[in-house]
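Q: Below: one structure in structure tokens.
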Amino acid sequence: MVSEIQKKGQRAKAASYMLNIKTTCEKNEALTKIAEQLLMDQHDIIAENAKDLVNGEQQGMSASTLDRIMLNEERIVAMVDAIHLLVSLKDPVGTVIERIDKDNGLHIEKRMVPLGVIGMIYEARPNVTVDAATLSLKTGNAVILRGSSSAKFSNSALVASIHRALAKTSLPTDAIQLIEDTSRETAKELFHLNKYLDVLIPRGGKALIDLVVREASVPVLETGAGNCHIYVDEMADYIKAEKICLNAKTQRPSVCNAAESLLIHPLWFKTNGTQLLSTLHKAGVTIIGDERVCEAFSGALLATEDDYATEFLDLIISVKLVENVYEAIEHIHHFGTNHSEAIITEDPLVAETFLNSVDAAAVYHNASTRFTDGFEFGYGAEIGISTQKLHARGPMGLPALTSTKYFIYGNGQIRE
């Protein structure tokens, strides 16, 4: 008996071949139809999303998890805006990135081509459903979506809306497949769907990502957890530091580019530290600090080694005093997740030392880590944020969903 996963894999593979002959104009028309349909269906989508939120509350999910699941008119409009930006972006498929003219008359071109069929396994966030579907279509890829049970009603409503839109276009509806069964068994089957999947992309917490990387036989494009740091140097400007730290921690604490740890130079801390921590505390942030931090700021709880390694995804931040930029770098290399790291300083040499030495996909000088995002980088949306180094790194937009292919043109040449 052929399983649901196998059937949808077959359909996605067949659809991927059909997508290979679609023009940029046809793909953009489909994306525009999807944007229009999502707006038309938004009240139904929000009603289905409410079911997920009620289930989540009954199951005792954290406020940060519920925030990741929640859809409202503002977030749906943001999805639609991202799709419109995606339409305006250059289609990378077909781009010639290398040309070689041989003495024997052969002409060789290396072009960007679709990956084929992408598998997405993700937790909570229903916006990933739309991001993955639209990015995949723009690059001529089919996609198999496997969200978590926590957002099953939302994901079903979104895919149904996308299918309604595609039915009005020349693109196959089978290009977007949703796995309805969210059991562990279907996830494991997806891990080994090598016959139909060209790449598997996990997007979620560290446990999910580690599981996929460890268990999958399908090639994995790894997105990473975000234990992001901000180092406040001796030469940091207080106004910048306060504004950046507040934004990076509190603007949306449930996402992977929010700051989780604050490293502060002792001399700067002596003058400004308690004021900064007091400001964060008043904004609802729980401070977990080392002994010197706890002595100076009575509202702080004593941190453990595990706290420094934790991606809180909540209004909690660990704070540690470090003697210089090198100790900050060493701490980040030990506890960081290669995602996004920031330094606040007015010393350009210290800033360059930090930016060049820290091993992360995105490094910042005097700016919030919250900018590590496909939309903010001008990609329209993102399929995820890669913390690995092969093929793609950082926010993954359209180019990350392509591979390369050699096209060789001859006139009867043979190899002697």
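Letters A, B, ... mark the chains of the structure tokens in the order given; residue numbers begin at 1 per chain; ligand numbers begin at 1, in order shown.
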Quick one: everything within 7 Å of Glu346 in chain A, counting only C-alpha atoms, minus sequence neighbours fewer than 2 positions away in the same chain. Send it as a tab-separated table (two decimals) with C-alpha atoms, in the first residue's frame.
A:
```tsv
chain	number	residue	atom	x	y	z
A	235	MET	CA	33.46	52.40	24.19
A	236	ALA	CA	29.74	51.83	23.63
A	237	ASP	CA	27.35	54.76	23.38
A	348	PRO	CA	36.13	50.84	14.81
```
Q: I need the residues in range 192-387 of chain A that are alpha helix (DSSP H) according to DSSP; give them as a PyMOL selection string.
A: chain A and resi 206-215+238-250+266-268+274-282+291-296+305-308+325-335+348-357
Q: Restricting the calculation to only C-alpha atoms: of A:Ile34, A:Cys228, A:Ile288, A:Ala15, which residue gets closest to Ala142 in chain A?
A: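 Smallest separation from Ala142 in chain A among the options: A:Ala15.
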Q: In terms of the shortest atom-to-atom distance over only C-alpha atoms, which of A:Ala160, A:Val2, A:Val199, A:Ala14 is closest to Thr402 in chain A?
A: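 Closest residue, counting only C-alpha atoms: A:Val199.
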Q: Rank A:Thr134, A:Gln177, A:Thr182, A:Asn324 by their smallest atom-to-atom distance to Ser149 in chain A, using only C-alpha atoms, and report the top residue only.
A: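 Closest to Ser149 in chain A, using only C-alpha atoms: A:Thr182.
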Q: Using only C-alpha atoms, tabulate the residues of range 50-122 of chain A lying at most 12 Å from any atom of range 204-223 of chain A, each with its closest atom pair and that distance in Å to one decimal, by chain and increasing residue number, as a tab-separated table.
A:
```
residue	atom	partner	partner_atom	distance
A:Thr65	CA	A:Gly205	CA	10.8
A:Arg68	CA	A:Gly204	CA	10.6
A:Leu115	CA	A:Pro219	CA	11.4
A:Val117	CA	A:Val218	CA	11.3
A:Ile118	CA	A:Leu221	CA	10.0
A:Gly119	CA	A:Val218	CA	9.3
A:Met120	CA	A:Leu221	CA	10.0
A:Ile121	CA	A:Gly204	CA	8.2
A:Tyr122	CA	A:Gly204	CA	5.4
```
Q: Which residues of range 282-345 of chain A have any atom within 7 Å of an atom in range 252-275 of chain A when counting only C-alpha atoms, and what is the closest pair of atoms for each, with the distance in Å to one decimal? Order the rows by chain and rising number and write it as a Markdown table.
A:
```
| residue | atom | partner | partner_atom | distance |
| --- | --- | --- | --- | --- |
| A:Ala296 | CA | A:Thr274 | CA | 6.8 |
| A:Phe297 | CA | A:Thr274 | CA | 6.0 |
| A:Tyr308 | CA | A:Ser261 | CA | 6.9 |
| A:Glu311 | CA | A:Glu260 | CA | 6.2 |
| A:Phe312 | CA | A:Glu260 | CA | 6.5 |
| A:Leu313 | CA | A:Ser254 | CA | 4.2 |
| A:Asp314 | CA | A:Pro253 | CA | 5.1 |
| A:Leu315 | CA | A:Pro253 | CA | 6.0 |
| A:Ile317 | CA | A:Glu260 | CA | 5.0 |
| A:Ser318 | CA | A:Ser261 | CA | 4.6 |
| A:Val319 | CA | A:Leu262 | CA | 4.7 |
| A:Lys320 | CA | A:Leu263 | CA | 5.0 |
| A:Leu321 | CA | A:Ile264 | CA | 4.8 |
| A:Val322 | CA | A:His265 | CA | 5.4 |
| A:Glu323 | CA | A:His265 | CA | 5.7 |
| A:Asn324 | CA | A:His265 | CA | 6.2 |
| A:Ala328 | CA | A:Leu263 | CA | 6.6 |
| A:Ser340 | CA | A:Asn257 | CA | 6.6 |
```
Q: Looking at only C-alpha atoms, which of A:Arg292, A:Arg125, A:His365, A:His229 is the one that sits closest to Ser150 in chain A?
A: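 Answer, going by the shortest atom-to-atom distance: A:Arg125.
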Q: Can you work out the spacing between CA of Glu305 in chain A and CA of Thr353 in chain A in Å, to one decimal?
A: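 Atom-to-atom, CA of Glu305 in chain A and CA of Thr353 in chain A are spaced 25.7 Å apart.
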Q: Tell me which protein, DNA and RNA residues are within 8 Å of His107 in chain A, counting only C-alpha atoms, leaving out same-chain ones fewer than 4 positions away, and put them as a list in words.
A: Arg99, Ile100, Asp101, Lys102, Ile408, Tyr409 and Gly410 of chain A
Q: Export, as an mmCIF file, in the first residue's frame, the selected residues with N, CA, C and O atoms.
A:
```
data_model
loop_
_atom_site.group_PDB
_atom_site.id
_atom_site.type_symbol
_atom_site.label_atom_id
_atom_site.label_comp_id
_atom_site.auth_asym_id
_atom_site.auth_seq_id
_atom_site.Cartn_x
_atom_site.Cartn_y
_atom_site.Cartn_z
ATOM 1 N N ARG A 99 30.669 31.259 -18.243
ATOM 2 C CA ARG A 99 30.721 30.880 -19.651
ATOM 3 C C ARG A 99 32.132 30.432 -19.995
ATOM 4 O O ARG A 99 33.112 31.058 -19.579
ATOM 5 N N ILE A 100 32.223 29.371 -20.774
ATOM 6 C CA ILE A 100 33.525 28.863 -21.210
ATOM 7 C C ILE A 100 33.444 28.577 -22.711
ATOM 8 O O ILE A 100 32.573 27.830 -23.163
ATOM 9 N N ASP A 101 34.328 29.173 -23.485
ATOM 10 C CA ASP A 101 34.404 28.906 -24.923
ATOM 11 C C ASP A 101 35.686 28.125 -25.190
ATOM 12 O O ASP A 101 36.796 28.642 -25.009
ATOM 13 N N LYS A 102 35.536 26.872 -25.613
ATOM 14 C CA LYS A 102 36.682 26.002 -25.840
ATOM 15 C C LYS A 102 37.262 26.219 -27.244
ATOM 16 O O LYS A 102 36.566 26.660 -28.169
ATOM 17 N N ILE A 408 25.915 22.565 -22.608
ATOM 18 C CA ILE A 408 27.031 22.513 -23.542
ATOM 19 C C ILE A 408 26.503 22.496 -24.971
ATOM 20 O O ILE A 408 25.672 21.647 -25.328
ATOM 21 N N TYR A 409 26.957 23.454 -25.757
ATOM 22 C CA TYR A 409 26.506 23.583 -27.143
ATOM 23 C C TYR A 409 27.655 23.270 -28.100
ATOM 24 O O TYR A 409 28.742 23.844 -27.974
ATOM 25 N N GLY A 410 27.400 22.365 -29.030
ATOM 26 C CA GLY A 410 28.436 21.994 -29.976
ATOM 27 C C GLY A 410 27.934 21.985 -31.411
ATOM 28 O O GLY A 410 26.802 22.350 -31.707
#
```
Q: Write out, as a Markdown table, each residue of range 93-131 of chain A that has an atom at most 12 Å from range 389-400 of chain A, together with the closest pair of atoms and their distance in Å to one decimal, counting only C-alpha atoms, rows going by chain and rising number.
A:
```
| residue | atom | partner | partner_atom | distance |
| --- | --- | --- | --- | --- |
| A:Val93 | CA | A:Pro399 | CA | 8.3 |
| A:Gly94 | CA | A:Pro399 | CA | 11.2 |
| A:Thr95 | CA | A:Pro399 | CA | 10.1 |
| A:Ile97 | CA | A:Pro399 | CA | 11.8 |
| A:Arg111 | CA | A:Pro399 | CA | 11.7 |
| A:Met112 | CA | A:Pro399 | CA | 8.2 |
| A:Val113 | CA | A:Pro399 | CA | 9.5 |
| A:Pro114 | CA | A:Pro399 | CA | 9.3 |
| A:Leu115 | CA | A:Ala400 | CA | 9.2 |
| A:Ile118 | CA | A:Ala400 | CA | 11.7 |
| A:Asp131 | CA | A:Gly397 | CA | 9.7 |
```
Q: Could you pull out the strand (DSSP E) residues of range 53-134 of chain A from DSSP and send them as a PyMOL selection string?
A: chain A and resi 96-101+107-114+117-122
Q: Could the residues in this selection be saved with C-alpha atoms as a PDB file, in the first residue's frame?
A:
```pdb
ATOM      1  CA  VAL A  96      24.270  32.261 -16.491  1.00  0.00           C
ATOM      2  CA  ILE A  97      26.972  32.415 -13.828  1.00  0.00           C
ATOM      3  CA  GLU A  98      29.887  31.160 -15.935  1.00  0.00           C
ATOM      4  CA  ARG A  99      30.721  30.880 -19.651  1.00  0.00           C
ATOM      5  CA  ILE A 100      33.525  28.863 -21.210  1.00  0.00           C
ATOM      6  CA  ASP A 101      34.404  28.906 -24.923  1.00  0.00           C
ATOM      7  CA  HIS A 107      30.357  26.646 -25.750  1.00  0.00           C
ATOM      8  CA  ILE A 108      29.705  25.818 -22.081  1.00  0.00           C
ATOM      9  CA  GLU A 109      27.311  27.709 -19.815  1.00  0.00           C
ATOM     10  CA  LYS A 110      26.790  27.163 -16.099  1.00  0.00           C
ATOM     11  CA  ARG A 111      23.243  28.199 -15.208  1.00  0.00           C
ATOM     12  CA  MET A 112      21.152  28.408 -12.051  1.00  0.00           C
ATOM     13  CA  VAL A 113      18.341  25.833 -12.016  1.00  0.00           C
ATOM     14  CA  PRO A 114      15.676  24.732  -9.487  1.00  0.00           C
ATOM     15  CA  VAL A 117      11.408  19.076  -4.738  1.00  0.00           C
ATOM     16  CA  ILE A 118      11.952  20.693  -1.362  1.00  0.00           C
ATOM     17  CA  GLY A 119      10.772  19.134   1.879  1.00  0.00           C
ATOM     18  CA  MET A 120       9.951  21.549   4.703  1.00  0.00           C
ATOM     19  CA  ILE A 121       9.512  20.258   8.248  1.00  0.00           C
ATOM     20  CA  TYR A 122       8.721  23.005  10.711  1.00  0.00           C
TER      21      TYR A 122
END
```
Q: From the options A:Thr304, A:Phe407, A:Asn227, A:Asn194, which residue's atoms come nearest to Ala342 in chain A, counting only C-alpha atoms?
A: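 Of A:Thr304, A:Phe407, A:Asn227, A:Asn194, the one nearest Ala342 in chain A is A:Asn227, counting only C-alpha atoms.
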Q: Please, what distance in Å, to one decimal, runs between CA of Val350 in chain A and CA of Val325 in chain A?
A: 7.0 Å
Q: Go through A:Gly140, A:Gly289, A:Gly60, A:Gly226 one by one, measure the shortest atom-to-atom distance of each to Phe335 in chain A using only C-alpha atoms, and give the residue with the smallest value.
A: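 Answer, going by the shortest atom-to-atom distance: A:Gly226.
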Q: Skip Leu246 in chain A itself and residues of its chain fewer than 6 positions away, then list as a ChimeraX atom specification all residues within 10 Å of it, counting only C-alpha atoms.
A: /A:240,259,276-277,279-280,283,285,368
Q: Please write the residues from the selection above to a file, keeping C-alpha atoms, as an mmCIF file, in the first residue's frame.
A:
```cif
data_model
loop_
_atom_site.group_PDB
_atom_site.id
_atom_site.type_symbol
_atom_site.label_atom_id
_atom_site.label_comp_id
_atom_site.auth_asym_id
_atom_site.auth_seq_id
_atom_site.Cartn_x
_atom_site.Cartn_y
_atom_site.Cartn_z
ATOM 1 C CA LYS A 240 22.588 53.229 21.165
ATOM 2 C CA ALA A 259 19.021 38.476 21.621
ATOM 3 C CA LEU A 276 20.522 49.390 31.237
ATOM 4 C CA LEU A 277 19.409 46.364 33.264
ATOM 5 C CA THR A 279 15.400 49.581 31.702
ATOM 6 C CA LEU A 280 15.221 45.977 30.474
ATOM 7 C CA ALA A 283 10.203 46.298 30.038
ATOM 8 C CA VAL A 285 12.698 41.156 30.953
ATOM 9 C CA SER A 368 19.919 45.017 16.423
#
```
